Amino acid sequence: MKTVIVVLIFCLAFIVTMVGQEKFSTKTGEINFEASVPSFEEVKAENDNVSAVLETATGNFAALALMKGFRFKVALMEEHFNENYIESSKYPKATFKGKIHDFNFSQLENEKKYVIKGTFNLHGTNKTMEVPSTISKRDGKIWVSTQFILKPEEFNIKIPSIVSKKIADQVNVSAFFELKAQ
Amino acid sequence: MLILLVVIGGYVAYNYMYQDHRNIQSETSHIEITAPYLLERFKKEDGASLLNQTITVTGTITSIEEGAITLNESVYASFPKIIPKVKVNDKVAIKGRCIGYDELFGIVKLDQCNLIKLPQ
């Protein structure tokens with residue numbers, strides 16, 4: 001009898017950890033940003049190799065973008081972005097770690113608005129933010145999309161005055177993740 | 001004379017401003033390295049010198065996804081074009097640009113990849 005109980009407890013503990021650790025993830029999330037100023041050259045880049053992990057039991061969400069993975073239309077702009085502004089050799093990645101407010105995996109279905117509260121780490125600087133996002137569940141996948149604004153100055157990114165007119169001081173960021181069960 | 005200078009100056013400036021993107025596949029590889037060793041170098045924080053470099057990585061395919069393959073569960077290589085016909089367990093060599101270490105998955109990522117040695 002005693003052994004049966006012990007085995008049962010072990011099984012239960014195992015099941016609980018299994019459920020607790022269910023993760024949805026992707027390595028091909030997309031992040032776009034645009035800091036264009038009207039009548040100047042478009043300042044826009046895309047990274048479609050962004051990693052993200054969502055823990056369904058807790059609503060914990062983490063994303064990681066390698067800065068060198070951002071592609072611009074103009075090669076020189078990409079070079080300046082990497083070398084002068086974001087300093088991608090010194091700070092190769094940007095991360096976000098946070099928690100989705102009121103997240104309940106079992107109720108996830110149609111598109112619904114959520115707020116993800118968490119910390120951005122970009123250019124070696126941390127900033128806590130609340131990010132509005134739309135999350136839905138379709139075809140066994142979780143779809144997360146979000147749009148928000150970042151300000152370079154808040155991450156200690158200095159834009160030289162010579163080009164500051166051509167780069168918006170508010171950067172529009174949008175991200176999209178199609179997360180599959182791991 | 002002045003007009004000529006302006007035209008030449010303009011041409012040079014335009015070419016500087018709108019120079020072509022790097023063509024990774026026409027560049028010579030900075031290093032040839034196995035997939036597990038490449039990951040090891042980034043884990044030991046000895047990978048910074050490889051960032052943004054064109055490198056050749058050899059290894060065994062452990063998974064194939066849309067537009068990307070993983071070597072030895074250590075290196076994730078994304079392809080701009082469709083991946084040539086390969087299967088899991090094939091031994092291949094990939095040439096691409098090293099963009100860094102992804103600590104969420106514990107892998108090194110490469111983009112603009114191409115298979116340079118197909119499985120035999």
# chains A, B, ... in the order shown; residues from 1 in each chain; ligands from 1
call {"tool": "interface_residues", "arguments": {"of": "chain B", "to": "chain A", "cutoff": "12 Å", "atoms": "only C-alpha atoms", "output": "PyMOL selection string"}}
result
chain B and resi 13-23+42+45+47-53+65-70+75-80+97-112
call {"tool": "write_last_selection", "arguments": {"atoms": "C-alpha atoms", "output": "PDB file, in the first residue's frame"}}
result
ATOM      1  CA  ALA B  13      28.211  59.934 -53.212  1.00  0.00           C
ATOM      2  CA  TYR B  14      25.305  57.982 -54.684  1.00  0.00           C
ATOM      3  CA  ASN B  15      27.415  54.837 -54.980  1.00  0.00           C
ATOM      4  CA  TYR B  16      28.576  55.249 -51.410  1.00  0.00           C
ATOM      5  CA  MET B  17      25.044  55.793 -50.118  1.00  0.00           C
ATOM      6  CA  TYR B  18      23.519  52.960 -52.085  1.00  0.00           C
ATOM      7  CA  GLN B  19      26.329  50.414 -52.115  1.00  0.00           C
ATOM      8  CA  ASP B  20      25.243  46.820 -52.498  1.00  0.00           C
ATOM      9  CA  HIS B  21      24.588  44.480 -49.620  1.00  0.00           C
ATOM     10  CA  ARG B  22      27.300  41.974 -48.819  1.00  0.00           C
ATOM     11  CA  ASN B  23      27.118  38.833 -50.868  1.00  0.00           C
ATOM     12  CA  PHE B  42      29.889  31.069 -27.860  1.00  0.00           C
ATOM     13  CA  GLU B  45      32.088  33.743 -24.610  1.00  0.00           C
ATOM     14  CA  GLY B  47      32.545  33.948 -30.186  1.00  0.00           C
ATOM     15  CA  ALA B  48      32.535  37.733 -30.515  1.00  0.00           C
ATOM     16  CA  SER B  49      35.240  37.664 -33.185  1.00  0.00           C
ATOM     17  CA  LEU B  50      32.973  35.495 -35.354  1.00  0.00           C
ATOM     18  CA  LEU B  51      29.995  37.873 -35.265  1.00  0.00           C
ATOM     19  CA  ASN B  52      28.989  39.149 -38.688  1.00  0.00           C
ATOM     20  CA  GLN B  53      31.653  36.935 -40.285  1.00  0.00           C
ATOM     21  CA  GLU B  65      12.132  23.379 -40.643  1.00  0.00           C
ATOM     22  CA  GLU B  66      10.671  25.751 -43.155  1.00  0.00           C
ATOM     23  CA  GLY B  67      13.598  27.790 -44.464  1.00  0.00           C
ATOM     24  CA  ALA B  68      16.085  26.519 -41.898  1.00  0.00           C
ATOM     25  CA  ILE B  69      18.052  23.507 -40.762  1.00  0.00           C
ATOM     26  CA  THR B  70      19.683  22.699 -37.438  1.00  0.00           C
ATOM     27  CA  VAL B  75      23.616  25.646 -34.962  1.00  0.00           C
ATOM     28  CA  TYR B  76      20.479  27.036 -36.561  1.00  0.00           C
ATOM     29  CA  ALA B  77      21.022  28.011 -40.189  1.00  0.00           C
ATOM     30  CA  SER B  78      18.398  29.977 -42.087  1.00  0.00           C
ATOM     31  CA  PHE B  79      18.259  29.962 -45.856  1.00  0.00           C
ATOM     32  CA  PRO B  80      17.085  32.850 -48.029  1.00  0.00           C
ATOM     33  CA  ARG B  97      26.826  34.726 -41.768  1.00  0.00           C
ATOM     34  CA  CYS B  98      27.163  34.196 -38.032  1.00  0.00           C
ATOM     35  CA  ILE B  99      24.673  36.493 -36.264  1.00  0.00           C
ATOM     36  CA  GLY B 100      25.170  35.348 -32.675  1.00  0.00           C
ATOM     37  CA  TYR B 101      24.240  33.136 -29.756  1.00  0.00           C
ATOM     38  CA  ASP B 102      20.609  32.601 -28.847  1.00  0.00           C
ATOM     39  CA  GLU B 103      20.503  31.784 -25.136  1.00  0.00           C
ATOM     40  CA  LEU B 104      16.757  31.001 -25.173  1.00  0.00           C
ATOM     41  CA  PHE B 105      17.413  27.883 -27.222  1.00  0.00           C
ATOM     42  CA  GLY B 106      21.130  27.494 -26.575  1.00  0.00           C
ATOM     43  CA  ILE B 107      22.007  27.662 -30.259  1.00  0.00           C
ATOM     44  CA  VAL B 108      24.178  29.750 -32.552  1.00  0.00           C
ATOM     45  CA  LYS B 109      22.302  31.373 -35.432  1.00  0.00           C
ATOM     46  CA  LEU B 110      23.458  31.820 -39.010  1.00  0.00           C
ATOM     47  CA  ASP B 111      21.595  33.663 -41.748  1.00  0.00           C
ATOM     48  CA  GLN B 112      21.925  33.974 -45.547  1.00  0.00           C
TER      49      GLN B 112
END
call {"tool": "select_by_dssp", "arguments": {"residues": "chain B", "states": "strand (DSSP E or B)", "output": "ChimeraX atom specification"}}
result
/B:32-34,54-65,68-71,75-78,91-102,107-117
call {"tool": "write_last_selection", "arguments": {"atoms": "N, CA and C atoms", "output": "tab-separated table (two decimals), in the first residue's frame"}}
result
chain	number	residue	atom	x	y	z
B	32	GLU	N	36.51	27.58	-40.84
B	32	GLU	CA	35.68	26.39	-41.01
B	32	GLU	C	35.66	25.68	-39.66
B	33	ILE	N	34.45	25.38	-39.19
B	33	ILE	CA	34.30	24.94	-37.80
B	33	ILE	C	33.17	23.92	-37.72
B	34	THR	N	33.25	22.98	-36.76
B	34	THR	CA	32.15	22.04	-36.60
B	34	THR	C	31.06	22.70	-35.76
B	54	THR	N	31.52	35.68	-42.31
B	54	THR	CA	31.10	34.57	-43.14
B	54	THR	C	31.88	33.34	-42.69
B	55	ILE	N	31.16	32.29	-42.29
B	55	ILE	CA	31.84	31.10	-41.80
B	55	ILE	C	31.26	29.83	-42.43
B	56	THR	N	32.05	28.78	-42.39
B	56	THR	CA	31.58	27.49	-42.89
B	56	THR	C	31.43	26.56	-41.68
B	57	VAL	N	30.24	25.99	-41.56
B	57	VAL	CA	29.97	25.10	-40.42
B	57	VAL	C	29.66	23.71	-40.94
B	58	THR	N	30.31	22.72	-40.34
B	58	THR	CA	30.06	21.34	-40.75
B	58	THR	C	29.34	20.61	-39.62
B	59	GLY	N	28.52	19.66	-39.99
B	59	GLY	CA	27.81	18.91	-38.96
B	59	GLY	C	26.76	17.99	-39.55
B	60	THR	N	25.99	17.39	-38.63
B	60	THR	CA	24.94	16.46	-39.02
B	60	THR	C	23.59	17.13	-38.80
B	61	ILE	N	22.71	17.00	-39.77
B	61	ILE	CA	21.40	17.64	-39.66
B	61	ILE	C	20.56	16.94	-38.59
B	62	THR	N	20.09	17.72	-37.60
B	62	THR	CA	19.25	17.12	-36.56
B	62	THR	C	17.78	17.51	-36.71
B	63	SER	N	17.50	18.62	-37.40
B	63	SER	CA	16.11	18.91	-37.72
B	63	SER	C	16.02	19.85	-38.91
B	64	ILE	N	14.89	19.74	-39.61
B	64	ILE	CA	14.66	20.57	-40.79
B	64	ILE	C	13.33	21.28	-40.61
B	65	GLU	N	13.37	22.61	-40.74
B	65	GLU	CA	12.13	23.38	-40.64
B	65	GLU	C	11.96	24.16	-41.93
B	68	ALA	N	14.94	26.62	-42.80
B	68	ALA	CA	16.09	26.52	-41.90
B	68	ALA	C	16.40	25.07	-41.55
B	69	ILE	N	17.68	24.82	-41.28
B	69	ILE	CA	18.05	23.51	-40.76
B	69	ILE	C	18.92	23.68	-39.52
B	70	THR	N	18.88	22.67	-38.65
B	70	THR	CA	19.68	22.70	-37.44
B	70	THR	C	20.75	21.61	-37.53
B	71	LEU	N	21.98	21.99	-37.19
B	71	LEU	CA	23.08	21.03	-37.20
B	71	LEU	C	23.44	20.65	-35.77
B	75	VAL	N	23.56	24.51	-34.05
B	75	VAL	CA	23.62	25.65	-34.96
B	75	VAL	C	22.35	25.67	-35.82
B	76	TYR	N	21.71	26.85	-35.80
B	76	TYR	CA	20.48	27.04	-36.56
B	76	TYR	C	20.80	27.89	-37.78
B	77	ALA	N	20.63	27.33	-38.97
B	77	ALA	CA	21.02	28.01	-40.19
B	77	ALA	C	19.80	28.34	-41.03
B	78	SER	N	19.56	29.63	-41.28
B	78	SER	CA	18.40	29.98	-42.09
B	78	SER	C	18.82	30.30	-43.52
B	91	LYS	N	25.16	14.49	-43.40
B	91	LYS	CA	26.31	15.31	-43.01
B	91	LYS	C	26.51	16.38	-44.09
B	92	VAL	N	26.54	17.63	-43.66
B	92	VAL	CA	26.64	18.71	-44.65
B	92	VAL	C	27.60	19.80	-44.19
B	93	ALA	N	27.94	20.68	-45.13
B	93	ALA	CA	28.70	21.90	-44.80
B	93	ALA	C	27.86	23.08	-45.27
B	94	ILE	N	27.77	24.08	-44.39
B	94	ILE	CA	26.94	25.24	-44.67
B	94	ILE	C	27.78	26.50	-44.59
B	95	LYS	N	27.57	27.38	-45.55
B	95	LYS	CA	28.27	28.66	-45.51
B	95	LYS	C	27.24	29.73	-45.23
B	96	GLY	N	27.51	30.58	-44.24
B	96	GLY	CA	26.55	31.63	-43.91
B	96	GLY	C	27.18	32.68	-43.02
B	97	ARG	N	26.34	33.63	-42.61
B	97	ARG	CA	26.83	34.73	-41.77
B	97	ARG	C	26.43	34.45	-40.32
B	98	CYS	N	27.41	34.47	-39.44
B	98	CYS	CA	27.16	34.20	-38.03
B	98	CYS	C	26.54	35.43	-37.37
B	99	ILE	N	25.31	35.30	-36.86
B	99	ILE	CA	24.67	36.49	-36.26
B	99	ILE	C	24.63	36.45	-34.74
B	100	GLY	N	25.02	35.33	-34.13
B	100	GLY	CA	25.17	35.35	-32.67
B	100	GLY	C	24.59	34.15	-31.95
B	101	TYR	N	24.66	34.23	-30.63
B	101	TYR	CA	24.24	33.14	-29.76
B	101	TYR	C	22.86	33.43	-29.18
B	102	ASP	N	21.98	32.47	-29.33
B	102	ASP	CA	20.61	32.60	-28.85
B	102	ASP	C	20.49	31.79	-27.55
B	107	ILE	N	21.49	27.96	-28.92
B	107	ILE	CA	22.01	27.66	-30.26
B	107	ILE	C	22.70	28.90	-30.84
B	108	VAL	N	23.57	28.65	-31.82
B	108	VAL	CA	24.18	29.75	-32.55
B	108	VAL	C	23.39	29.90	-33.85
B	109	LYS	N	23.09	31.15	-34.21
B	109	LYS	CA	22.30	31.37	-35.43
B	109	LYS	C	23.14	31.90	-36.59
B	110	LEU	N	22.84	31.37	-37.77
B	110	LEU	CA	23.46	31.82	-39.01
B	110	LEU	C	22.35	32.26	-39.96
B	111	ASP	N	22.58	33.33	-40.72
B	111	ASP	CA	21.59	33.66	-41.75
B	111	ASP	C	22.27	33.73	-43.12
B	112	GLN	N	21.46	33.93	-44.14
B	112	GLN	CA	21.93	33.97	-45.55
B	112	GLN	C	22.76	32.75	-45.90
B	113	CYS	N	22.30	31.59	-45.46
B	113	CYS	CA	23.07	30.36	-45.64
B	113	CYS	C	22.88	29.71	-47.00
B	114	ASN	N	23.83	28.91	-47.31
B	114	ASN	CA	23.76	28.08	-48.50
B	114	ASN	C	24.50	26.79	-48.20
B	115	LEU	N	24.01	25.68	-48.76
B	115	LEU	CA	24.72	24.41	-48.58
B	115	LEU	C	25.89	24.40	-49.53
B	116	ILE	N	27.10	24.21	-49.02
B	116	ILE	CA	28.22	24.16	-49.96
B	116	ILE	C	28.72	22.73	-50.17
B	117	LYS	N	28.34	21.84	-49.25
B	117	LYS	CA	28.69	20.45	-49.51
B	117	LYS	C	27.46	19.60	-49.26
call {"tool": "atom_distance", "arguments": {"atom1": "atom CA of A:Ser164", "atom2": "atom CA of A:Tyr91"}}
result
21.8 Å
call {"tool": "residues_around", "arguments": {"residues": "stretch 102-114 of chain A", "least_positions_apart": "3", "cutoff": "12 Å", "atoms": "only C-alpha atoms", "output": "PyMOL selection string"}}
result
chain A and resi 19-20+22-24+54-61+99+117+130-147
call {"tool": "atom_distance", "arguments": {"atom1": "atom CA of A:Lys44", "atom2": "atom CA of B:Gly9"}}
result
27.0 Å
call {"tool": "closest_residue", "arguments": {"among": "A:Ile100, A:Leu150, A:Val115, A:Ile157", "to": "A:Glu83", "atoms": "only C-alpha atoms"}}
result
A:Ile157
call {"tool": "atom_distance", "arguments": {"atom1": "atom CA of A:Ala181", "atom2": "atom CA of A:Met129"}}
result
26.7 Å
call {"tool": "residues_around", "arguments": {"residues": "A:Val163", "least_positions_apart": "4", "cutoff": "12 Å", "atoms": "only C-alpha atoms", "output": "mmCIF file with N, CA and C atoms, in the first residue's frame"}}
result
data_model
loop_
_atom_site.group_PDB
_atom_site.id
_atom_site.type_symbol
_atom_site.label_atom_id
_atom_site.label_comp_id
_atom_site.auth_asym_id
_atom_site.auth_seq_id
_atom_site.Cartn_x
_atom_site.Cartn_y
_atom_site.Cartn_z
ATOM 1 N N SER A 36 11.084 56.105 -39.740
ATOM 2 C CA SER A 36 11.154 56.990 -40.900
ATOM 3 C C SER A 36 10.604 58.365 -40.565
ATOM 4 N N VAL A 37 11.147 59.354 -41.265
ATOM 5 C CA VAL A 37 10.642 60.720 -41.179
ATOM 6 C C VAL A 37 10.138 61.063 -42.582
ATOM 7 N N PHE A 40 12.137 61.926 -46.060
ATOM 8 C CA PHE A 40 13.524 61.437 -46.011
ATOM 9 C C PHE A 40 13.542 59.947 -46.343
ATOM 10 N N GLU A 41 14.729 59.441 -46.510
ATOM 11 C CA GLU A 41 14.913 58.007 -46.786
ATOM 12 C C GLU A 41 14.229 57.146 -45.714
ATOM 13 N N VAL A 43 13.597 54.589 -43.010
ATOM 14 C CA VAL A 43 14.449 53.920 -42.008
ATOM 15 C C VAL A 43 13.640 52.749 -41.462
ATOM 16 N N MET A 77 22.863 51.867 -44.395
ATOM 17 C CA MET A 77 22.038 52.120 -43.210
ATOM 18 C C MET A 77 22.187 50.969 -42.217
ATOM 19 N N HIS A 80 25.507 51.371 -40.481
ATOM 20 C CA HIS A 80 25.462 52.428 -39.458
ATOM 21 C C HIS A 80 24.673 51.985 -38.233
ATOM 22 N N ASN A 84 27.228 52.192 -35.382
ATOM 23 C CA ASN A 84 27.166 53.466 -34.663
ATOM 24 C C ASN A 84 26.055 53.546 -33.623
ATOM 25 N N TYR A 85 24.896 52.986 -33.927
ATOM 26 C CA TYR A 85 23.761 53.226 -33.042
ATOM 27 C C TYR A 85 23.527 52.101 -32.048
ATOM 28 N N LYS A 158 22.522 56.953 -28.920
ATOM 29 C CA LYS A 158 22.700 58.343 -29.339
ATOM 30 C C LYS A 158 22.667 58.457 -30.853
ATOM 31 N N ILE A 159 21.792 59.333 -31.323
ATOM 32 C CA ILE A 159 21.707 59.595 -32.756
ATOM 33 C C ILE A 159 22.421 60.937 -32.995
ATOM 34 N N ILE A 167 15.920 60.594 -38.727
ATOM 35 C CA ILE A 167 15.503 59.424 -37.958
ATOM 36 C C ILE A 167 14.506 59.870 -36.901
ATOM 37 N N ALA A 168 13.343 59.258 -36.882
ATOM 38 C CA ALA A 168 12.309 59.637 -35.927
ATOM 39 C C ALA A 168 12.773 59.340 -34.508
ATOM 40 N N ASP A 169 12.354 60.183 -33.528
ATOM 41 C CA ASP A 169 12.772 59.901 -32.150
ATOM 42 C C ASP A 169 11.851 58.881 -31.478
#
call {"tool": "select_by_dssp", "arguments": {"residues": "chain B", "states": "helix (DSSP H, G or I)", "output": "ChimeraX atom specification"}}
result
/B:2-17,24-26,35-43,48-50
call {"tool": "write_last_selection", "arguments": {"atoms": "C-alpha atoms", "output": "mmCIF file, in the first residue's frame"}}
result
data_model
loop_
_atom_site.group_PDB
_atom_site.id
_atom_site.type_symbol
_atom_site.label_atom_id
_atom_site.label_comp_id
_atom_site.auth_asym_id
_atom_site.auth_seq_id
_atom_site.Cartn_x
_atom_site.Cartn_y
_atom_site.Cartn_z
ATOM 1 C CA LEU B 2 32.273 72.651 -62.223
ATOM 2 C CA ILE B 3 29.331 70.736 -63.629
ATOM 3 C CA LEU B 4 31.581 67.764 -64.309
ATOM 4 C CA LEU B 5 32.840 67.841 -60.707
ATOM 5 C CA VAL B 6 29.294 67.980 -59.350
ATOM 6 C CA VAL B 7 28.275 65.060 -61.578
ATOM 7 C CA ILE B 8 31.278 62.945 -60.549
ATOM 8 C CA GLY B 9 30.861 63.923 -56.895
ATOM 9 C CA GLY B 10 27.179 63.078 -57.063
ATOM 10 C CA TYR B 11 27.941 59.737 -58.679
ATOM 11 C CA VAL B 12 30.534 58.834 -56.040
ATOM 12 C CA ALA B 13 28.211 59.934 -53.212
ATOM 13 C CA TYR B 14 25.305 57.982 -54.684
ATOM 14 C CA ASN B 15 27.415 54.837 -54.980
ATOM 15 C CA TYR B 16 28.576 55.249 -51.410
ATOM 16 C CA MET B 17 25.044 55.793 -50.118
ATOM 17 C CA ILE B 24 27.879 36.197 -48.251
ATOM 18 C CA GLN B 25 28.156 33.397 -50.767
ATOM 19 C CA SER B 26 30.858 35.183 -52.781
ATOM 20 C CA ALA B 35 28.682 22.876 -35.249
ATOM 21 C CA PRO B 36 29.272 21.647 -31.649
ATOM 22 C CA TYR B 37 32.583 23.504 -31.429
ATOM 23 C CA LEU B 38 31.007 26.724 -32.716
ATOM 24 C CA LEU B 39 28.372 26.489 -29.964
ATOM 25 C CA GLU B 40 31.094 25.731 -27.427
ATOM 26 C CA ARG B 41 32.959 28.887 -28.398
ATOM 27 C CA PHE B 42 29.889 31.069 -27.860
ATOM 28 C CA LYS B 43 29.107 29.379 -24.541
ATOM 29 C CA ALA B 48 32.535 37.733 -30.515
ATOM 30 C CA SER B 49 35.240 37.664 -33.185
ATOM 31 C CA LEU B 50 32.973 35.495 -35.354
#
call {"tool": "decode", "arguments": {"residues": "stretch 1-22 of chain B", "atoms": "C-alpha atoms", "output": "PDB file, in the first residue's frame"}}
result
ATOM      1  CA  MET B   1      34.314  71.922 -65.325  1.00  0.00           C
ATOM      2  CA  LEU B   2      32.273  72.651 -62.223  1.00  0.00           C
ATOM      3  CA  ILE B   3      29.331  70.736 -63.629  1.00  0.00           C
ATOM      4  CA  LEU B   4      31.581  67.764 -64.309  1.00  0.00           C
ATOM      5  CA  LEU B   5      32.840  67.841 -60.707  1.00  0.00           C
ATOM      6  CA  VAL B   6      29.294  67.980 -59.350  1.00  0.00           C
ATOM      7  CA  VAL B   7      28.275  65.060 -61.578  1.00  0.00           C
ATOM      8  CA  ILE B   8      31.278  62.945 -60.549  1.00  0.00           C
ATOM      9  CA  GLY B   9      30.861  63.923 -56.895  1.00  0.00           C
ATOM     10  CA  GLY B  10      27.179  63.078 -57.063  1.00  0.00           C
ATOM     11  CA  TYR B  11      27.941  59.737 -58.679  1.00  0.00           C
ATOM     12  CA  VAL B  12      30.534  58.834 -56.040  1.00  0.00           C
ATOM     13  CA  ALA B  13      28.211  59.934 -53.212  1.00  0.00           C
ATOM     14  CA  TYR B  14      25.305  57.982 -54.684  1.00  0.00           C
ATOM     15  CA  ASN B  15      27.415  54.837 -54.980  1.00  0.00           C
ATOM     16  CA  TYR B  16      28.576  55.249 -51.410  1.00  0.00           C
ATOM     17  CA  MET B  17      25.044  55.793 -50.118  1.00  0.00           C
ATOM     18  CA  TYR B  18      23.519  52.960 -52.085  1.00  0.00           C
ATOM     19  CA  GLN B  19      26.329  50.414 -52.115  1.00  0.00           C
ATOM     20  CA  ASP B  20      25.243  46.820 -52.498  1.00  0.00           C
ATOM     21  CA  HIS B  21      24.588  44.480 -49.620  1.00  0.00           C
ATOM     22  CA  ARG B  22      27.300  41.974 -48.819  1.00  0.00           C
TER      23      ARG B  22
END
